[in-house]
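All remarks here apply to the structure that follows.
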Amino acid sequence: GAAADARDDSSGGRSAMRAMTARAETRRSAPRASARVDALRRGDGRARRFERRATATRTTPRTRAEASASREASMNDASASESLIQVGAIVGAHSLRGEVRVKPMTDFIEERLMRTGSTLRVELEAQGKSTKSGEFDAPPGEVRAVKVRSGRWVTSKGRNDVIVKLAGCDDRNAAEALVGTRLFVLPSDREPLRKDEGAEGSDGDDEFYAQELEGLRVVERDTGEVIGVVEDVVRGAGTQDLLKVAFIALDEETGIDAEYYVYVPFVKEIVPLVDATNGFMEITPPGGLLDLKIPKKTKKQRARVAAKQKEKRDAAAEASADA
């Protein structure tokens with residue numbers, strides 16, 4: 001997912017609408033890799049399973065600084081595992097030299113999985129896919145640090161694969177033993193995405209890792225009303241991203257408060273301010289956008305909840321009358 005422009009203007013500029021995108025981690029300077037990321041990740045925008053970033057694009061793309069050297073220490077304790085950020089899963093062995101085929105879960109494939117000397121954390125034992133989602137989203141297992149020796153793209157049978165050579169994995173048997181394990185980085189391994197407006201080297205971009213956006217309060221700028229909370233960042237039509245905002249509202253059919261969500265386009269015209277430090281963002285939704293709410297539960301499920309609430313109220317009223 002390269003940064004999205006809604007459409008080019010007549011002068012050949014980037015776009016009339018500056019879009020914010022939450023991307024599964026690719027360099028803006030690598031269009032070839034970006035196209036492959038789109039092919040690999042089409043249809044899956046779950047932010048919590050991917051190391052992703054969100055960008056407000058400007059007319060001048062900026063060159064990101066080289067990632068700082070990752071720390072050497074392996075993170076084997078449970079508290080460290082909680083902060084691990086998943087960047088890939090080993091899904092197969094490749095060749096007889098110990099290479100592995102990796103399903104990328106990052107917007108920075110080349111930096112994470114192909115840069116010689118970069119440090120990853122690999123699970124000691126495969127945790128398997130979730131039985132509910134069928135995805136690699138189980139809690140991280142115990143991990144150890146491992147260096148990337150090399151990485152490359154391989155195209156086979158119309159499929160683009162990421163092939164990685166890890167230090168200490170020198171034959172087919174060792175590679176097969178890693179199948180099903182996942183690759184992680186620490187938050188401290190990731191370079192900052194933002195610079196202060198006007199600071200040296202800043203181009204004015206507002207960039208966020210998608211995980212930074214999750215949990216932020218969403219406030220309507222004009223009224224100051226808290227609309228809800230960002231629950232997820234998902235891939236929308238084309239390359240535009242959407243904020244999945246969850247909130248509670250009255251269900252007019254059942255008369256109860258129910259959980260809803262609405263998708264808010266992550267573009268600067270609609271999301272002019274993101275204050276990750278203070279835990280909120282401001283939106284200026286166009287008319288009718290917030291009315292496009294979607295209930296989290298089906299009508300039948302909401303009716304059951306309403307019936308249970310009525311039973312409780314009736315029981316409380318009876319108890320009060322008896323008293």
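For the structure tokens, the naming scheme is as follows: chains receive sequential letters (A, B, ...) according to their order of presentation, residues are indexed from 1 within each chain, and ligands are indexed from 1 in presentation order.
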
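Residues in contact range of stretch 114-127 of chain A, defined as at most 7 Å between only C-alpha atoms, with sequence neighbours fewer than 6 positions away removed, read A:Ser70, A:Ala138, A:Gly141, A:Glu142, A:Val143, A:Arg144, A:Ala145, A:Val146, A:Lys147, A:Val148, A:Arg149, A:Ser150, A:Gly151, A:Arg152, A:Val164, A:Gly180, A:Thr181, A:Arg182, A:Leu183, A:Phe184, A:Val185.
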
Using only C-alpha atoms, determine which residues lie at most 8 Å from A:Thr254, disregarding the query and same-chain residues fewer than 3 positions distant; provide the list as a short mmCIF file (atom, residue, chain, number, x, y, z; two decimals) with all heavy atoms, in the first residue's frame.
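Everything below was put into result.cif:
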```cif
data_model
loop_
_atom_site.label_atom_id
_atom_site.label_comp_id
_atom_site.auth_asym_id
_atom_site.auth_seq_id
_atom_site.Cartn_x
_atom_site.Cartn_y
_atom_site.Cartn_z
N ASP A 251 -30.92 2.37 19.97
CA ASP A 251 -31.49 1.55 18.91
C ASP A 251 -33.00 1.82 18.90
O ASP A 251 -33.72 1.38 19.81
CB ASP A 251 -31.19 0.07 19.17
CG ASP A 251 -31.83 -0.84 18.13
OD1 ASP A 251 -32.30 -0.33 17.10
OD2 ASP A 251 -31.85 -2.07 18.35
N ARG A 302 -30.03 -7.99 19.19
CA ARG A 302 -30.43 -6.79 19.92
C ARG A 302 -31.79 -6.98 20.58
O ARG A 302 -32.04 -6.50 21.70
CB ARG A 302 -30.45 -5.57 18.98
CG ARG A 302 -29.10 -5.28 18.35
CD ARG A 302 -29.01 -3.88 17.76
NE ARG A 302 -30.08 -3.54 16.85
CZ ARG A 302 -30.10 -3.82 15.56
NH1 ARG A 302 -29.09 -4.52 15.02
NH2 ARG A 302 -31.10 -3.44 14.78
N ALA A 303 -32.68 -7.69 19.91
CA ALA A 303 -34.00 -7.96 20.49
C ALA A 303 -33.88 -8.82 21.74
O ALA A 303 -34.61 -8.60 22.73
CB ALA A 303 -34.88 -8.64 19.44
N ALA A 306 -32.72 -6.64 24.53
CA ALA A 306 -33.82 -5.79 24.98
C ALA A 306 -34.79 -6.59 25.86
O ALA A 306 -35.28 -6.08 26.89
CB ALA A 306 -34.56 -5.21 23.78
#
```

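With distances restricted to only C-alpha atoms, A:Val179 is the closest residue to A:Val91 from A:Pro104, A:Glu110, A:Val179, A:Ala167.
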
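What separates atom CA of A:Asp275 from atom CA of A:Asp137 is a distance of 27.9 Å.
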
Tell me, as a PyMOL selection string, which residues lie within 12 Å of A:Phe247, counting only C-alpha atoms; anything in the same chain fewer than 5 positions away does not count. chain A and resi 215+217-219+226-231+257-263+290+293-296

Limited to C-alpha atoms, could you put the picked residues into a file as an mmCIF file, in the first residue's frame?
```
data_model
loop_
_atom_site.group_PDB
_atom_site.id
_atom_site.type_symbol
_atom_site.label_atom_id
_atom_site.label_comp_id
_atom_site.auth_asym_id
_atom_site.auth_seq_id
_atom_site.Cartn_x
_atom_site.Cartn_y
_atom_site.Cartn_z
ATOM 1 C CA GLY A 215 -8.110 3.717 21.152
ATOM 2 C CA ARG A 217 -11.216 9.390 21.329
ATOM 3 C CA VAL A 218 -12.961 10.904 18.303
ATOM 4 C CA VAL A 219 -14.236 14.441 18.917
ATOM 5 C CA VAL A 226 -17.101 12.878 21.839
ATOM 6 C CA ILE A 227 -18.360 10.685 19.009
ATOM 7 C CA GLY A 228 -16.659 7.436 19.977
ATOM 8 C CA VAL A 229 -13.339 5.605 19.962
ATOM 9 C CA VAL A 230 -11.145 4.383 17.096
ATOM 10 C CA GLU A 231 -11.451 0.617 17.179
ATOM 11 C CA ASP A 257 -28.542 1.515 23.917
ATOM 12 C CA ALA A 258 -26.593 -0.580 21.424
ATOM 13 C CA GLU A 259 -23.063 -0.737 20.071
ATOM 14 C CA TYR A 260 -22.515 0.723 16.621
ATOM 15 C CA TYR A 261 -19.601 1.632 14.423
ATOM 16 C CA VAL A 262 -19.119 3.981 11.505
ATOM 17 C CA TYR A 263 -16.310 4.238 8.962
ATOM 18 C CA LEU A 290 -22.322 9.673 11.090
ATOM 19 C CA LYS A 293 -23.811 3.664 11.460
ATOM 20 C CA ILE A 294 -23.694 -0.127 11.449
ATOM 21 C CA PRO A 295 -24.876 -2.171 14.455
ATOM 22 C CA LYS A 296 -22.352 -4.612 15.882
#
```

DSSP helix (DSSP H, G or I) residues within stretch 122-219 of chain A, listed as a VMD selection string: chain A and resid 172 to 177 187 to 189 210 to 213

Name the residues of stretch 131-244 of chain A that come out as strand (DSSP E or B) in a backbone DSSP run; write them as a PyMOL selection string. chain A and resi 143-156+159-166+182-185+206-209+217-220+226-235+241-244

Could you tell me how far atom CA of A:Gln86 sits from atom CA of A:Val274, in Å to one decimal place? 24.1 Å

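Distance check against A:Pro192 using only C-alpha atoms: of A:Glu212, A:Ala89, A:Ala319, A:Thr155, the minimum falls on A:Glu212.
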